[in-house]
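Presented below is the structure to which this report refers.
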Amino acid sequence: MRSLDDFELAAYARAVLFGDGAVEADLAVPTVRVGARTAETEAADAGETPVATGEPVPEPLLLDGEWLLAGSVPQKQFSIERWAEPAGSKPPHEPAEWFRPDTDRSAWTPATVPGTVQGALAAAGVTPHPLLGSATYDELVDHGVPEHWPWHFRRTRIEQQEWWYARRFTVPASWEGRRIRLAFDGVDYSATVYLDGSPVARHEGMFGGPEIDVTALIAPGAEHELVVRFDPPPHDWHGVLKGSPGWGWHYGHLISIGLWRSVRLEVVPEVELAHPFVSTVRADADSALLRVRADVRDHTDARGTLSGTVTVRGDDGVVVASRSFELAFTGALTRFELELELDRPRLWWPFGYGEQPLHRVEIEIGGHAVEVETGIRTIEMEALPDWQGEEFYRWRFVVNGRPMFLTGANWCWTDPLTERDGSVDEHLLRLTRHAGLRMLRAWGGGIVESERFYAACDRLGILVLQEFPFCFGLPGASSVSLAAVDQQVTRIVRALRNHPSLIVWGGGNENELTRSGDELLLLAGRRTTALDDSRPFHRTDPWGGSVHSYTVYHEGARIDEGYTAVDGAVWGEYGLSSQCALESMAEFLDPALLEEWPPPAHGAILQHQAQFSLVDIVKQLRYADYGPIADWATFIEASQVAQGEALRFASERARSGSGDHTSAYWLYKLGEVFPGASWAIADFYGRPKRSFYLARSFSRPRSVFAVTNRLDWAPGELFKAEVHLANDTPEPLDASVEARLWDADLTVAASWSGPVSVAPDQRVLAHRFSTVVPGRAHPLHLEVRMTDARGETTSQWYWFNARQRGERIEELERSAPDELWEADLSPHFAAYAADRPAPLWELPRTRLAARAVDGGFEVQNVGEVPAPLVLVDGFPHGPGALLHDDAFGLAPGETRVVGMEGEVSVASLSVRAWNADAVGVTA
């Protein structure tokens, strides 16, 4: 049966739309197949390595480091506005001519490259740091334009200017007589490049380019000046391949500008190898077939046929396959491919299914060599039985022939200022693996992620859907540069297609069909599928069977009402916003602001809310109202737990259909682009929230979980829950499963237990649990527990009837969230702070004990009743430190060992529960 994949691939194959003529001509060059092995080829393989030709290529000259920076208001010598002004009143316009080598740059600001204009100005003390305090709020309120727009949508003075970068450099004298290229890895977003006062390139696009042959302009041994003039950023993000949250529609405001990736000069070899691509045609335990492709550019026009070699090495450096070949040039550009067979290959797997060995593929021809690091693995997509037809993608992910259900999260751009060293990203990826989240959706509102990001995902075994940063609808082709789109998509695909962690390309976030003919996504799909036939391309998400849901939170729907109405093959986005930890707030707020409740409408508070208003806090209170909330500390903790509760309810509903009905969930989201409140389960500084640990509990590869349709049950009703056991591992699972319903006195009202067996990559409905709701039902707790054949136990604790809202809160919550924007919020804060029942905080008390053990500490419930939510305080979360568990439940007498990593003293830690006092961890 045809799927949406087939329909769209056929459309891309028929398409002739292009944006850039040079890209179109380049991709029209046919591929030369190097023939299958023959006796002559075998003899060549056994012979000596071909003699290299051409001079050795020196290392590139990096132009990173300190540059100089200055800004000016854009001026036009000639414009219709000037002609329309009355005679004699035309103001003098003096365009900046800072491209001139004789420009006085003594007053310019030092700027580090890679970096941004905003980061450089803050580092130099010219402006306050835009992510801290009320700096951006104050700037936009006092100086932002247009003034009639909401403050967070306006443009700062920095964003209204053009910005000039300049630096001097000297090329080594030894480069005399060589071909020299000037290459930019990241120009954000559009700019003109000048060399010694002459314009040499005009470029648009954040993800690579331009690359300029400057051989005729460079005198090795002499000093030169490079200047880059940046335009003010685009007025609108729609259709612009650029990270978009900074435009002020979500999370924060900072439209990045600058040389955000490296700049270099490089010697171009006479015979240049480019764009290597290694893909796995087929693979199993016995053999694998690799296809190797590359371009060869002859810059001399003097060669006919050259010898080349392809060598594949394992991660231990041992050669596992090699091939020699002869290549006859067909012109200035020759594109070739060949295949290699490997015996008993070491396959690359997502974590939990095997190891992540990386192979080095070395391609050499004519004295020039390139090396690619990749993994041997296949990715295929199968149709889910419940979602078939031309309106649905094939949604089941099959890696190395093994169908998988993929737990996952959305990944957001984490460093809009380009001022961090990458340690936070690496920490977040470690958290991803620690949480059991096997797949990340590199969300189309962020950026195309870096080589460093993908190299880390390759090592960690994390799968990635990479979307192009097209977000929230696309304009027609008349509103954007199709040439820039064409160039950028081509560069992006060629740069990342060798990474085994990348398994799907996406055309962007929430881009439904446009009125204009869908030119941008048609072009992106045509280019992507032509350049990379080893993985699928999905035009957008949600599309073709995937779903996004925000009736919970944005529309005020209650968790159970909102998520029981969702249905899709993949749950692509859903979740709640929550506040970050007090330790993180102290990094961007004046602590005095956290002493006030209700929160003041101070610019520093508003700047760091996800939608720039106290309405955000009121919306969070709707879900965090486990009891009276009258201070920041209570609110932060409750909002994070509520976020975890909502994510668990939705995620486990998705997982309960694994097999025939669902194939993945990607909760929204893992990390954050700006400091403050957000949908992330780990904040801007890499500190995991309580919701992160709840996500870890429901995303385990081997998970016991319960699915219900309701969170509130009245005494005498029939309580119903499905108990599932999921085994997303390659080994069978035999376990003892138990479910117990605890009443408000924390006594067992009903229970069930039994043995359950689950095959690899399967899930079973272990039991339909039902019982009459007891009289003491505010709250109820459902405990589900699994003990495997090795005696290892995991459990989850669910709570019901947890929110006793009262008439006043019920009345206020009947107003839709959209009605809050013009409302007086003081009645809301007063209602949530008022004294009222708090079922989860008023449970019968128990006692905890904690002591240090090797690698962590041990927590024991030494009381007579359960501790349904145990919390660890005092751990120094962030890069270099990892707490293995938090926000878990303990039955009476139960002990849990919590591991930790990093230089952490147990003396700083304490453990408590919502129904147990805090105790220190004894040595």
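As shown in the structure tokens, the chain order sets the letters A, B, ...; within each chain, residues go from 1, and ligands are also counted from 1 in the order they appear.
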Compile the contact shell of Asp917 of chain A as a count of residues only: residues with an atom at most 10 Å away, counting only C-alpha atoms, same-chain residues fewer than 3 positions apart removed.
9
Segment 229-238 of chain A environment, 6 Å, only C-alpha atoms, sequence neighbours closer than 2 positions dropped, as a ChimeraX atom specification:
/A:159-164,190-192,240,244,474
Judged by only C-alpha atoms, the minimum distance to Cys457 of chain A among A:Ala524, A:Ser516, A:Trp349, A:Tyr553 is found for A:Trp349
Check the smallest atom-to-atom distance from each of A:Met900, A:Phe405, A:Gly205, A:Ile462 to Asp761 of chain A using only C-alpha atoms, then report the winner.
A:Phe405
Show which residues sit within 9 Å of Pro58 of chain A, as a list in words. Count only C-alpha atoms, and ignore same-chain residues fewer than 6 positions away.
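So the residues in contact are Trp175, Glu266 and Val267 of chain A.
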Keeping only N, CA, C and O atoms, write the selected residues to a file as a compact mmCIF listing (two decimals), in the first residue's frame.
# COMPACT_ATOMS: atom_id res chain seq x y z
N TRP A 175 52.61 30.08 1.33
CA TRP A 175 51.43 29.84 0.51
C TRP A 175 51.56 30.48 -0.88
O TRP A 175 50.62 30.42 -1.67
N GLU A 266 42.14 28.77 3.61
CA GLU A 266 42.67 27.43 3.37
C GLU A 266 43.26 27.34 1.98
O GLU A 266 42.82 28.02 1.05
N VAL A 267 44.27 26.51 1.89
CA VAL A 267 44.87 26.21 0.59
C VAL A 267 44.04 25.12 -0.07
O VAL A 267 43.71 24.11 0.55
Contact table segment 555-602 of chain A vs segment 632-636 of chain A, cut-off 8 Å, shortest pair per residue, only C-alpha atoms, as CSV:
residue,atom,partner,partner_atom,distance
A:Ser578,CA,A:Ile636,CA,7.3
A:Gln579,CA,A:Ile636,CA,5.3
A:Cys580,CA,A:Ile636,CA,6.7
A:Ala581,CA,A:Ile636,CA,6.7
A:Leu582,CA,A:Ala633,CA,7.3
A:Leu594,CA,A:Trp632,CA,6.2
A:Glu595,CA,A:Trp632,CA,7.6
A:Trp597,CA,A:Trp632,CA,7.1
Quick one: write out the picked residues with all heavy atoms as a PDB file, in the first residue's frame?
ATOM      1  N   SER A 578       6.903  25.266  33.281  1.00  0.00           N
ATOM      2  CA  SER A 578       7.167  25.274  34.723  1.00  0.00           C
ATOM      3  C   SER A 578       8.307  26.247  35.003  1.00  0.00           C
ATOM      4  O   SER A 578       9.029  26.665  34.098  1.00  0.00           O
ATOM      5  CB  SER A 578       7.528  23.878  35.235  1.00  0.00           C
ATOM      6  OG  SER A 578       8.808  23.483  34.781  1.00  0.00           O
ATOM      7  N   GLN A 579       8.464  26.582  36.268  1.00  0.00           N
ATOM      8  CA  GLN A 579       9.550  27.462  36.685  1.00  0.00           C
ATOM      9  C   GLN A 579      10.834  26.662  36.865  1.00  0.00           C
ATOM     10  O   GLN A 579      10.803  25.454  37.117  1.00  0.00           O
ATOM     11  CB  GLN A 579       9.183  28.163  37.995  1.00  0.00           C
ATOM     12  CG  GLN A 579       7.927  29.016  37.913  1.00  0.00           C
ATOM     13  CD  GLN A 579       8.093  30.238  37.042  1.00  0.00           C
ATOM     14  OE1 GLN A 579       9.124  30.885  37.051  1.00  0.00           O
ATOM     15  NE2 GLN A 579       7.046  30.582  36.285  1.00  0.00           N
ATOM     16  N   CYS A 580      11.970  27.342  36.748  1.00  0.00           N
ATOM     17  CA  CYS A 580      13.255  26.683  36.992  1.00  0.00           C
ATOM     18  C   CYS A 580      13.630  26.818  38.465  1.00  0.00           C
ATOM     19  O   CYS A 580      12.957  27.510  39.238  1.00  0.00           O
ATOM     20  CB  CYS A 580      14.341  27.248  36.095  1.00  0.00           C
ATOM     21  SG  CYS A 580      14.595  29.016  36.224  1.00  0.00           S
ATOM     22  N   ALA A 581      14.699  26.152  38.857  1.00  0.00           N
ATOM     23  CA  ALA A 581      15.086  26.074  40.262  1.00  0.00           C
ATOM     24  C   ALA A 581      15.503  27.437  40.802  1.00  0.00           C
ATOM     25  O   ALA A 581      15.938  28.319  40.057  1.00  0.00           O
ATOM     26  CB  ALA A 581      16.230  25.079  40.424  1.00  0.00           C
ATOM     27  N   LEU A 582      15.401  27.594  42.125  1.00  0.00           N
ATOM     28  CA  LEU A 582      15.842  28.827  42.769  1.00  0.00           C
ATOM     29  C   LEU A 582      17.302  29.118  42.476  1.00  0.00           C
ATOM     30  O   LEU A 582      17.701  30.270  42.302  1.00  0.00           O
ATOM     31  CB  LEU A 582      15.610  28.737  44.273  1.00  0.00           C
ATOM     32  CG  LEU A 582      14.176  28.976  44.758  1.00  0.00           C
ATOM     33  CD1 LEU A 582      14.054  28.627  46.232  1.00  0.00           C
ATOM     34  CD2 LEU A 582      13.747  30.415  44.516  1.00  0.00           C
ATOM     35  N   LEU A 594      12.402  37.503  44.582  1.00  0.00           N
ATOM     36  CA  LEU A 594      11.834  36.216  44.961  1.00  0.00           C
ATOM     37  C   LEU A 594      11.290  36.228  46.382  1.00  0.00           C
ATOM     38  O   LEU A 594      10.775  35.215  46.854  1.00  0.00           O
ATOM     39  CB  LEU A 594      12.886  35.122  44.800  1.00  0.00           C
ATOM     40  CG  LEU A 594      13.469  34.995  43.381  1.00  0.00           C
ATOM     41  CD1 LEU A 594      14.517  33.906  43.334  1.00  0.00           C
ATOM     42  CD2 LEU A 594      12.365  34.725  42.370  1.00  0.00           C
ATOM     43  N   GLU A 595      11.418  37.342  47.057  1.00  0.00           N
ATOM     44  CA  GLU A 595      10.836  37.474  48.390  1.00  0.00           C
ATOM     45  C   GLU A 595       9.415  38.016  48.327  1.00  0.00           C
ATOM     46  O   GLU A 595       8.735  38.104  49.355  1.00  0.00           O
ATOM     47  CB  GLU A 595      11.716  38.386  49.249  1.00  0.00           C
ATOM     48  CG  GLU A 595      13.122  37.832  49.476  1.00  0.00           C
ATOM     49  CD  GLU A 595      14.014  38.809  50.221  1.00  0.00           C
ATOM     50  OE1 GLU A 595      13.508  39.884  50.612  1.00  0.00           O
ATOM     51  OE2 GLU A 595      15.208  38.504  50.391  1.00  0.00           O
ATOM     52  N   TRP A 597       5.505  37.870  47.011  1.00  0.00           N
ATOM     53  CA  TRP A 597       4.402  37.070  46.475  1.00  0.00           C
ATOM     54  C   TRP A 597       3.104  37.768  46.821  1.00  0.00           C
ATOM     55  O   TRP A 597       2.927  38.139  47.979  1.00  0.00           O
ATOM     56  CB  TRP A 597       4.418  35.645  47.022  1.00  0.00           C
ATOM     57  CG  TRP A 597       3.502  34.743  46.234  1.00  0.00           C
ATOM     58  CD1 TRP A 597       2.159  34.544  46.441  1.00  0.00           C
ATOM     59  CD2 TRP A 597       3.844  33.958  45.092  1.00  0.00           C
ATOM     60  NE1 TRP A 597       1.643  33.697  45.504  1.00  0.00           N
ATOM     61  CE2 TRP A 597       2.663  33.315  44.662  1.00  0.00           C
ATOM     62  CE3 TRP A 597       5.017  33.756  44.377  1.00  0.00           C
ATOM     63  CZ2 TRP A 597       2.635  32.475  43.558  1.00  0.00           C
ATOM     64  CZ3 TRP A 597       4.991  32.906  43.281  1.00  0.00           C
ATOM     65  CH2 TRP A 597       3.817  32.273  42.884  1.00  0.00           C
TER      66      TRP A 597
END
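The gap separating atom CA of Ser279 of chain A from atom CA of Asn498 of chain A is 7.0 Å, in Å to one decimal.
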Go through segment 412-469 of chain A and flag each residue having an atom no more than 7 Å from segment 669-676 of chain A; for those, report the closest pair of atoms plus their distance in Å to one decimal, using only C-alpha atoms, ordered by chain and rising number, as JSON lines.
{"residue": "A:Cys412", "atom": "CA", "partner": "A:Glu672", "partner_atom": "CA", "distance": 6.0}
{"residue": "A:Trp413", "atom": "CA", "partner": "A:Val673", "partner_atom": "CA", "distance": 5.3}
{"residue": "A:Thr414", "atom": "CA", "partner": "A:Val673", "partner_atom": "CA", "distance": 4.3}
{"residue": "A:Asp415", "atom": "CA", "partner": "A:Val673", "partner_atom": "CA", "distance": 6.1}
{"residue": "A:Pro416", "atom": "CA", "partner": "A:Val673", "partner_atom": "CA", "distance": 6.7}
When distances are computed from only C-alpha atoms, which of A:Ala569, A:Val228, A:Leu254, A:Ala680 shows the smallest separation from Ala383 of chain A?
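So, comparing all the options, the nearest one is A:Ala569.
Between atom CA of Glu362 of chain A and atom CA of Ala288 of chain A lies a distance of 17.4 Å.
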Restricting the calculation to only C-alpha atoms: of A:Ser256, A:Val34, A:Arg167, A:Thr136, which residue gets closest to Arg323 of chain A?
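Checking each candidate against Arg323 of chain A, we get A:Val34 as the closest.
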Within 9 Å of Pro30 of chain A using only C-alpha atoms, minus same-chain residues under 6 positions, as a list in words:
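Returned residues: Thr334, Arg335 and Phe336 of chain A.
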Residues of the last selection are to be written out with all heavy atoms, as an mmCIF file, in the first residue's frame.
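Final output, saved to again_11.cif:
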data_model
loop_
_atom_site.group_PDB
_atom_site.id
_atom_site.type_symbol
_atom_site.label_atom_id
_atom_site.label_comp_id
_atom_site.auth_asym_id
_atom_site.auth_seq_id
_atom_site.Cartn_x
_atom_site.Cartn_y
_atom_site.Cartn_z
ATOM 1 N N THR A 334 33.903 15.696 -11.056
ATOM 2 C CA THR A 334 33.553 14.302 -11.287
ATOM 3 C C THR A 334 32.965 13.749 -9.994
ATOM 4 O O THR A 334 33.580 13.852 -8.925
ATOM 5 C CB THR A 334 34.774 13.467 -11.692
ATOM 6 O OG1 THR A 334 35.349 14.027 -12.870
ATOM 7 C CG2 THR A 334 34.386 12.022 -11.935
ATOM 8 N N ARG A 335 31.789 13.182 -10.094
ATOM 9 C CA ARG A 335 31.107 12.598 -8.920
ATOM 10 C C ARG A 335 31.152 11.080 -9.085
ATOM 11 O O ARG A 335 30.773 10.544 -10.126
ATOM 12 C CB ARG A 335 29.677 13.113 -8.849
ATOM 13 C CG ARG A 335 28.865 12.598 -7.689
ATOM 14 C CD ARG A 335 27.628 13.466 -7.487
ATOM 15 N NE ARG A 335 28.001 14.805 -7.072
ATOM 16 C CZ ARG A 335 27.529 15.929 -7.628
ATOM 17 N NH1 ARG A 335 26.672 15.861 -8.635
ATOM 18 N NH2 ARG A 335 27.924 17.108 -7.188
ATOM 19 N N PHE A 336 31.629 10.404 -8.032
ATOM 20 C CA PHE A 336 31.751 8.946 -8.159
ATOM 21 C C PHE A 336 31.178 8.243 -6.939
ATOM 22 O O PHE A 336 30.990 8.852 -5.865
ATOM 23 C CB PHE A 336 33.211 8.541 -8.368
ATOM 24 C CG PHE A 336 34.061 8.601 -7.126
ATOM 25 C CD1 PHE A 336 34.214 7.487 -6.297
ATOM 26 C CD2 PHE A 336 34.722 9.776 -6.765
ATOM 27 C CE1 PHE A 336 34.996 7.538 -5.158
ATOM 28 C CE2 PHE A 336 35.504 9.830 -5.634
ATOM 29 C CZ PHE A 336 35.643 8.716 -4.824
#
Within 12 Å of Gln488 of chain A using only C-alpha atoms, minus same-chain residues under 4 positions, as a PyMOL selection string:
chain A and resi 19-20+23+185-187+189+203-210+240-242+448+468-469+481-484+492-495+520+523-524+527-528
